[in-house]
Amino acid sequence: GGEVGTWIGNGVAGYAEGTRTAARLNRPAGIAIDKYDNLYVSEWGNQRIRKISPDGGKVVTLAGSGEAGYVDGAGTAARFNEPDDMAVDVEGNVFVVEHGNHAVRKITAGGSVTTVAGTGQAGFADGLGRLAKFSAPAGMGIDPSGNLIVVDSGNHSIRKITFVRLPQILSQPSSQAATTGQSIRLTVTATGEGPLTYQWRLNGASVAGATSPALELKNVQSSDAGNYAVLVSNAAGTTSSAVSALSIAPSPYSASGTVIAWGDNTWDQLSVPP
């Protein structure tokens, strides 16, 4: 058999930061480890997520106020209700299922807590983010693609959370110079989980009807000059393109003038004033 030793805590429930057996935990329920060997522990008794460093076993609070509740926020401003199993992604984000809040929460490396999925009320519904419902989720894992697998114990189900990422812009609209009366075409190429929507903007204001990857400007005038950009959106949010500057100069053929004819328009007669 293996030899068992105590690394953190001394067998007495409590809450104390510290190193190894000087620290106190209260009903630890879940555990996960990141690529730097930091250990994360969820606590039912303290309603907190604790972080333990690999070089000496120093215990600090990553998130949670110590009071049961359902509040997103930074560090100790956030609240949990029976946080349970956890997983860590390659970027160091900690994900935790909450038995009491029927939700899946995300904690960044800096301790900012947000809700990934769940409403805070028990139920059974698929959907995006807070439209989904769980019932007392108790276990979780993360696959090589970064999708979360959740053991939804109250619903007797295994659920999968697939993340929709922000659109990525592959080619930016280019700046152009034109003269009045010309036609101009600005284009963007983007990729991402669809559907993607587009909205072109001129000097920060939306251009009416400009909702496709290409913006066609016909018979441009000086009022069309300025800085163009396009917002590309999906369910995850919005990505803005780089700014494309359009400059417009007067056409060399647009000068106006007055033509005066002398004479009476009769063949072979021409009257020239003195």
# chains A, B, ... in the order shown; residues from 1 in each chain; ligands from 1
>>> residues_around(residues="Tyr70 of chain A", least_positions_apart="2", cutoff="7 Å", atoms="only C-alpha atoms", output="list of chain:residue names")
A:Asp72, A:Arg79, A:Phe80, A:Asn81, A:Asn101
>>> residues_around(residues="segment 190-199 of chain A", least_positions_apart="3", cutoff="9 Å", atoms="only C-alpha atoms", output="ChimeraX atom specification")
/A:164-172,206-213,229-236
>>> residues_around(residues="segment 176-188 of chain A", least_positions_apart="6", cutoff="10 Å", atoms="only C-alpha atoms", output="count of residues only")
36
>>> residues_around(residues="segment 125-133 of chain A", least_positions_apart="5", cutoff="12 Å", atoms="only C-alpha atoms", output="PyMOL selection string")
chain A and resi 101-106+114-120+150+152+154-155+157-164+235-236
>>> closest_atom_pairs(of="segment 69-181 of chain A", to="segment 45-60 of chain A", cutoff="10 Å", atoms="only C-alpha atoms", output="CSV")
residue,atom,partner,partner_atom,distance
A:Gly69,CA,A:Gln47,CA,8.6
A:Gly75,CA,A:Ile49,CA,9.5
A:Thr76,CA,A:Arg48,CA,8.4
A:Ala78,CA,A:Arg48,CA,9.1
A:Arg79,CA,A:Gln47,CA,7.2
A:Phe80,CA,A:Gln47,CA,5.5
A:Asn81,CA,A:Gln47,CA,6.1
A:Glu82,CA,A:Gln47,CA,6.1
A:Pro83,CA,A:Gln47,CA,6.6
A:Asp84,CA,A:Ile49,CA,9.6
A:Met86,CA,A:Ile49,CA,9.8
A:Val94,CA,A:Ile49,CA,9.5
A:Val96,CA,A:Ile49,CA,9.0
A:Ile107,CA,A:Ile49,CA,9.2
A:Gly111,CA,A:Ile49,CA,9.4
>>> residues_around(residues="Val12 of chain A", least_positions_apart="5", cutoff="9 Å", atoms="only C-alpha atoms", output="VMD selection string")
chain A and resid 24 to 26
>>> write_last_selection(atoms="C-alpha atoms", output="PDB file, in the first residue's frame")
ATOM      1  CA  ARG A  24      -7.481  25.437   7.699  1.00  0.00           C
ATOM      2  CA  LEU A  25     -10.046  23.991   5.288  1.00  0.00           C
ATOM      3  CA  ASN A  26     -13.726  23.210   5.778  1.00  0.00           C
TER       4      ASN A  26
END
>>> atom_distance(atom1="atom CA of Asn38 of chain A", atom2="atom CA of Phe134 of chain A")
28.7 Å
